[in-house]
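Below is one structure, written out as structure tokens; comments come after it.
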Amino acid sequence: MNQTRDFGENRVLEPQYVLPTSAWKLDNRREIEPFEMRVRLKKIHIEGTSFKQIRMEANDNDEKIKQKIIDIVIRRGKLHNPVTDTGGLAYGTVEEIGSEYENRLGLSPGDDVICNASLTTIPIYIDKVISVDRAFGQADVEGYTILYSRIPVVRKAEDVPMNLMLYALNESGTLLKVSNIAVGKRKFLVVGNDELTNIFYGYAIRKIAREDAEIICLLDRKTESVLQGSSMERLMEKVFTEVRIVDILKPMECLAELRDRAPFDLTVNCADIPGAETINILATREGGTVMFANLINNYNIALYITESISKRLNVLCADGYSEVYDRFDVELVRDLAPYVERAVEANVQLDDDPAYPVDRKSRLREVSGQRQTMLEDFVCESRAMAAVLDEILTVSRYDCNVLIAGDTGVGKEKVANIIYKNSMRKMQPFIKVNCASITSDLIESEFFGCEEGAMGEKRPGGRKGYFELADNGTVFLDDVGELSQDMQAKLLRVIQDGEFRRVGGSVPVKTNVRILSATNCDLEAAIEDGSFRRDLYYRLNVVRIRIPSLKDRPGDIPALVHHFLKKYGKKFDMKRYIDEDAVEYLKQCEWEGNIRELENVVQRLMISSDQEQITLLDVMKELHGDVFEAAALDSGDTKEDGQIMDLEKMVQNFEKNILKMACEQYGSTRKAARAVGISQTQLVRKKKKYDI
């Protein structure tokens, strides 16, 4: 067996020496090796949680969904969603077959086939997404995919609809496994939050179960009934003895609802909602079987529950490949197609209920309490940042170089800390380097060390540099765009060769490090003007994470403010609270320094405030001190000790200066009005009042 040929290791770009499924990026070049086959794509099926996450990130806009699909493929060379860690299936026409490809099906160019392996595993290139099918989570596309000999391939069956066939095959061998387990049993429960998926599992049981079998369908109250109509109603009646709508995240309520039917011989959980494991454990009889058909549910938690309630169960998880499951799925699709094809597709709105997962990992982190541990004190309340943090935690597991981009003060070093602490190298050294703070005459010795006697080094044996100190660990290069051309060339050589020489040394020193780098400048523009090497950029930018600015995630500002109040309250041994209108005002402000600037403002507010409660006036004084001073001077009416006498006049002067400053800064009355939180009509009226 040649694993490069059979498993596609030759297509792995980053990191090396892993299988394609575990790789961050694959080589999706069009030219094939003799042991490969290229298929021209027609349709892709996107795994359910991945499709939902893409829709949510694209705000359910068709054009943005299409672009998001293409973006994933550009970044990874495969359709492997970095947030949900899932893929899908592909269908197309054979274009070219290599001379050494193991053509077990006797395929020829022009044959239509389904690539019956996850798109997390195979190189894919998508040139265009033509249309999106929300009902089935699929898309018509133009492009190609590359198959290795070991990738299972299914010939297209002429008499079955492709959308339904892909939907069934996406369940892998689990439908067949459930059917085999159902033989001889009488009482069944199918739990889920997608009618069509429940139907597939219910029908797989119905085909083989006894005539007197009871099959109860438990649908979550949030179930999206995308396919509707009388044909679907008849199909549900044909498959299930009874259908009940419940909240499957409340297992004790569900058990009470099922008390007249339980216990069951076999229960199947095909819900993509973590936390839905418990009802199956409770509702299955002693010695019965529980099958988790969806990988989103936690098999380990299920085992812990059985142990905690002293219940003997046969707990099984989703099945992978088997020789004949595709034929079984074809039979199911043939039987169900007449009902499904007559269904009416409903326009169901995407539900962003925070109690339900966008993807399996983030929900599992929430319900298990892992998220706070993994992210330390990284504050995140906005959806924009939540998606980035899920990607950060996914990338952490891949031992590849990461470029962290973002404006000054967005938290790039914090992100590097999170990646390191959740990586395989977390027990090894973590060396942080600020490339902008090291002088050009010292930077080489700081990076690579120097031998005894070189550059005045007197220590016996010389001095180790950052890369030697970080061996087997991680190096964080902050402000990497500030490196000189000469240093860029030396760094590139270290990454390529895995070795370097100390200053004044002749013996190469081996190094094995993961490089995390950060920049607040446009490196692609720097490449164009010749100040940054393109080849080094590609080495550092295996994975790129862009941290959004605070203006793109204002929903995080209230949480950040309260976080900093708590943090510095402990540090300064004081209690400070802040009014809601003050927080709202902070949300409207421009934060060019991002989180760092906001943190500094909160610190100053805590120190300067005489009272426990920080008010809107305190915030405005802090942010617009020059305007307050101008207002005081304009009032003219003061006591001998300098205290302001005419408060009303001072407030008017303050308002006048605020409006004048806004008009000068934003130009148009519309933008200025929005900046200060009033209508354009109000602003025009006040300008006239104050003769601005």
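Labels used: A, B, ... for chains in the order of the structure tokens, numbers from 1 for residues in each chain, and numbers from 1 for ligands as shown.
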
Residues near range 38-45 of chain A, cut-off 6 Å, only C-alpha atoms, skip fewer than 6 positions along chain, as number ranges by chain = A: 88-96, 138-146

Could you take the residues named above and write them with C-alpha atoms, as a PDB file, in the first residue's frame?
ATOM      1  CA  GLY A  88     -20.381  17.595   2.550  1.00  0.00           C
ATOM      2  CA  LEU A  89     -20.564  15.581  -0.699  1.00  0.00           C
ATOM      3  CA  ALA A  90     -20.044  16.282  -4.413  1.00  0.00           C
ATOM      4  CA  TYR A  91     -21.646  15.133  -7.675  1.00  0.00           C
ATOM      5  CA  GLY A  92     -20.284  15.585 -11.181  1.00  0.00           C
ATOM      6  CA  THR A  93     -18.963  14.103 -14.415  1.00  0.00           C
ATOM      7  CA  VAL A  94     -15.696  12.201 -14.835  1.00  0.00           C
ATOM      8  CA  GLU A  95     -13.273  14.332 -16.879  1.00  0.00           C
ATOM      9  CA  GLU A  96      -9.940  12.531 -16.766  1.00  0.00           C
ATOM     10  CA  GLN A 138     -27.037  22.180  -1.683  1.00  0.00           C
ATOM     11  CA  ALA A 139     -25.637  24.320  -4.490  1.00  0.00           C
ATOM     12  CA  ASP A 140     -25.201  23.974  -8.244  1.00  0.00           C
ATOM     13  CA  VAL A 141     -21.588  24.815  -9.032  1.00  0.00           C
ATOM     14  CA  GLU A 142     -18.915  24.916 -11.712  1.00  0.00           C
ATOM     15  CA  GLY A 143     -15.479  23.587 -10.851  1.00  0.00           C
ATOM     16  CA  TYR A 144     -13.732  20.285 -10.270  1.00  0.00           C
ATOM     17  CA  THR A 145     -12.590  17.863  -7.597  1.00  0.00           C
ATOM     18  CA  ILE A 146      -9.652  15.445  -7.473  1.00  0.00           C
TER      19      ILE A 146
END

Any idea what's packed within 10 Å of range 430-433 of chain A, counting only C-alpha atoms, ignoring anything in its chain fewer than 2 positions away? Could you give it as a PyMOL selection string?
-> chain A and resi 413+416-417+420-421+425-428+435-438+446-447+466-467+469-480+513-517

Near-range 535-552 of chain A list (7 Å; only C-alpha atoms; drop same-chain fewer than 6 positions) as a VMD selection string | chain A and resid 400 to 407 410 492 590 to 591 594 to 595

Let's have the selection written as a PDB file, in the first residue's frame, with N, CA, C and O atoms.
ATOM      1  N   CYS A 400       0.083  24.614  12.012  1.00  0.00           N
ATOM      2  CA  CYS A 400       0.528  25.378  10.856  1.00  0.00           C
ATOM      3  C   CYS A 400       0.708  26.844  11.245  1.00  0.00           C
ATOM      4  O   CYS A 400       0.206  27.297  12.275  1.00  0.00           O
ATOM      5  N   ASN A 401       1.421  27.581  10.411  1.00  0.00           N
ATOM      6  CA  ASN A 401       1.679  28.997  10.678  1.00  0.00           C
ATOM      7  C   ASN A 401       0.413  29.818  10.479  1.00  0.00           C
ATOM      8  O   ASN A 401      -0.386  29.537   9.585  1.00  0.00           O
ATOM      9  N   VAL A 402       0.245  30.841  11.312  1.00  0.00           N
ATOM     10  CA  VAL A 402      -0.962  31.673  11.290  1.00  0.00           C
ATOM     11  C   VAL A 402      -0.558  33.143  11.240  1.00  0.00           C
ATOM     12  O   VAL A 402       0.310  33.572  12.004  1.00  0.00           O
ATOM     13  N   LEU A 403      -1.179  33.894  10.332  1.00  0.00           N
ATOM     14  CA  LEU A 403      -0.997  35.342  10.269  1.00  0.00           C
ATOM     15  C   LEU A 403      -2.237  36.008  10.850  1.00  0.00           C
ATOM     16  O   LEU A 403      -3.346  35.811  10.347  1.00  0.00           O
ATOM     17  N   ILE A 404      -2.045  36.777  11.916  1.00  0.00           N
ATOM     18  CA  ILE A 404      -3.150  37.468  12.586  1.00  0.00           C
ATOM     19  C   ILE A 404      -3.129  38.924  12.148  1.00  0.00           C
ATOM     20  O   ILE A 404      -2.164  39.645  12.422  1.00  0.00           O
ATOM     21  N   ALA A 405      -4.168  39.353  11.454  1.00  0.00           N
ATOM     22  CA  ALA A 405      -4.227  40.714  10.925  1.00  0.00           C
ATOM     23  C   ALA A 405      -5.300  41.507  11.650  1.00  0.00           C
ATOM     24  O   ALA A 405      -6.306  40.952  12.103  1.00  0.00           O
ATOM     25  N   GLY A 406      -5.096  42.800  11.739  1.00  0.00           N
ATOM     26  CA  GLY A 406      -6.090  43.658  12.382  1.00  0.00           C
ATOM     27  C   GLY A 406      -5.487  44.986  12.768  1.00  0.00           C
ATOM     28  O   GLY A 406      -4.264  45.138  12.862  1.00  0.00           O
ATOM     29  N   ASP A 407      -6.343  45.961  13.001  1.00  0.00           N
ATOM     30  CA  ASP A 407      -5.884  47.300  13.359  1.00  0.00           C
ATOM     31  C   ASP A 407      -5.219  47.304  14.739  1.00  0.00           C
ATOM     32  O   ASP A 407      -5.356  46.352  15.518  1.00  0.00           O
ATOM     33  N   VAL A 410      -6.715  45.755  18.561  1.00  0.00           N
ATOM     34  CA  VAL A 410      -7.875  44.848  18.468  1.00  0.00           C
ATOM     35  C   VAL A 410      -7.690  43.577  19.292  1.00  0.00           C
ATOM     36  O   VAL A 410      -8.635  42.823  19.493  1.00  0.00           O
ATOM     37  N   LEU A 492      12.915  33.534   6.134  1.00  0.00           N
ATOM     38  CA  LEU A 492      12.402  32.609   5.114  1.00  0.00           C
ATOM     39  C   LEU A 492      13.262  31.350   5.051  1.00  0.00           C
ATOM     40  O   LEU A 492      12.744  30.230   4.965  1.00  0.00           O
ATOM     41  N   GLU A 590     -16.054  56.749  18.053  1.00  0.00           N
ATOM     42  CA  GLU A 590     -15.043  56.170  17.176  1.00  0.00           C
ATOM     43  C   GLU A 590     -13.856  55.737  18.025  1.00  0.00           C
ATOM     44  O   GLU A 590     -13.320  56.530  18.803  1.00  0.00           O
ATOM     45  N   TRP A 591     -13.431  54.495  17.861  1.00  0.00           N
ATOM     46  CA  TRP A 591     -12.325  53.964  18.659  1.00  0.00           C
ATOM     47  C   TRP A 591     -11.182  53.573  17.723  1.00  0.00           C
ATOM     48  O   TRP A 591     -11.025  52.410  17.365  1.00  0.00           O
ATOM     49  N   ASN A 594      -9.123  51.113  19.157  1.00  0.00           N
ATOM     50  CA  ASN A 594      -9.869  49.889  19.422  1.00  0.00           C
ATOM     51  C   ASN A 594      -9.912  49.539  20.908  1.00  0.00           C
ATOM     52  O   ASN A 594     -10.075  50.423  21.740  1.00  0.00           O
ATOM     53  N   ILE A 595      -9.757  48.264  21.240  1.00  0.00           N
ATOM     54  CA  ILE A 595      -9.953  47.810  22.619  1.00  0.00           C
ATOM     55  C   ILE A 595      -8.950  48.456  23.567  1.00  0.00           C
ATOM     56  O   ILE A 595      -9.281  48.806  24.698  1.00  0.00           O
TER      57      ILE A 595
END

If you run DSSP on the backbone here, which positions in range 119-273 of chain A get helix (DSSP H, G or I)? Please write them as a compact mmCIF listing (two decimals) with C-alpha atoms, in the first residue's frame.
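So the final result, stored in part_13.txt, reads:
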# COMPACT_ATOMS: atom_id res chain seq x y z
CA MET A 162 -29.84 13.80 -7.17
CA ASN A 163 -30.76 16.26 -4.40
CA LEU A 164 -32.42 13.50 -2.36
CA MET A 165 -29.65 11.01 -3.14
CA LEU A 166 -26.94 13.36 -1.86
CA TYR A 167 -29.04 14.07 1.23
CA ALA A 168 -29.26 10.34 2.00
CA LEU A 169 -25.61 9.55 1.29
CA THR A 174 -25.80 5.04 9.60
CA LEU A 175 -29.16 4.50 7.84
CA LEU A 176 -28.21 0.93 6.99
CA LYS A 177 -26.88 0.32 10.50
CA VAL A 178 -30.12 1.56 12.09
CA SER A 179 -32.13 -0.70 9.78
CA ASN A 180 -30.05 -3.75 10.71
CA ILE A 181 -30.38 -3.04 14.44
CA ALA A 182 -34.17 -2.64 14.09
CA GLU A 195 -38.38 16.46 9.35
CA LEU A 196 -36.66 14.99 6.30
CA THR A 197 -33.82 13.50 8.33
CA ASN A 198 -36.30 11.99 10.80
CA ILE A 199 -38.25 10.55 7.87
CA PHE A 200 -35.15 8.84 6.47
CA TYR A 201 -34.39 7.15 9.78
CA GLY A 202 -38.02 6.33 10.46
CA TYR A 203 -38.43 4.79 7.02
CA ALA A 204 -35.18 2.79 7.37
CA ILE A 205 -36.75 1.26 10.48
CA ARG A 206 -40.24 0.84 8.95
CA SER A 230 -50.20 17.01 1.67
CA SER A 231 -47.63 14.59 0.21
CA MET A 232 -45.30 15.21 3.16
CA GLU A 233 -48.18 14.80 5.59
CA ARG A 234 -49.04 11.42 4.02
CA LEU A 235 -45.39 10.37 4.21
CA MET A 236 -45.19 11.24 7.91
CA GLU A 237 -48.36 9.20 8.54
CA LYS A 238 -46.94 6.27 6.54
CA VAL A 239 -43.65 6.23 8.47
CA PRO A 251 -35.38 16.07 28.71
CA MET A 252 -37.53 15.67 31.82
CA GLU A 253 -40.48 17.40 30.11
CA CYS A 254 -39.93 15.15 27.08
CA LEU A 255 -39.92 12.05 29.27
CA ALA A 256 -43.19 13.11 30.87
CA GLU A 257 -44.65 13.58 27.38

Among range 498-620 of chain A, which residues carry a DSSP assignment of strand (DSSP E), reported as a PyMOL selection string?
-> chain A and resi 499-500+509-510+514-519+543-546+577-578+613-614

Hey, which of A:Lys187, A:Arg501, A:Arg5, A:Arg11 ends up closest to Glu102 in chain A? Count only C-alpha atoms.
-> A:Arg5

Between A:Ile72, A:Ile392, A:Ile607, A:Val602, which is the closest to Phe572 in chain A once you count only C-alpha atoms?
->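 Answer, going by the shortest atom-to-atom distance: A:Ile607.
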
A:Pro508, A:Glu592, A:Ala582, A:Gln603: which is nearest Leu565 in chain A, counting only C-alpha atoms?
-> A:Gln603

Straight-line distance linking CA of Ile122 in chain A with CA of Gly498 in chain A, stated in Å to one decimal =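 Computed distance, CA of Ile122 in chain A to CA of Gly498 in chain A, equals 28.4 Å.
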
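When only C-alpha atoms are used to measure the gap to Cys450 in chain A, the shortest distance among A:Leu19, A:Ala276, A:Val503, A:Ala262 belongs to A:Val503.
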
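For the pair CA of Arg502 in chain A and CA of Leu442 in chain A, the interatomic distance is 12.4 Å.
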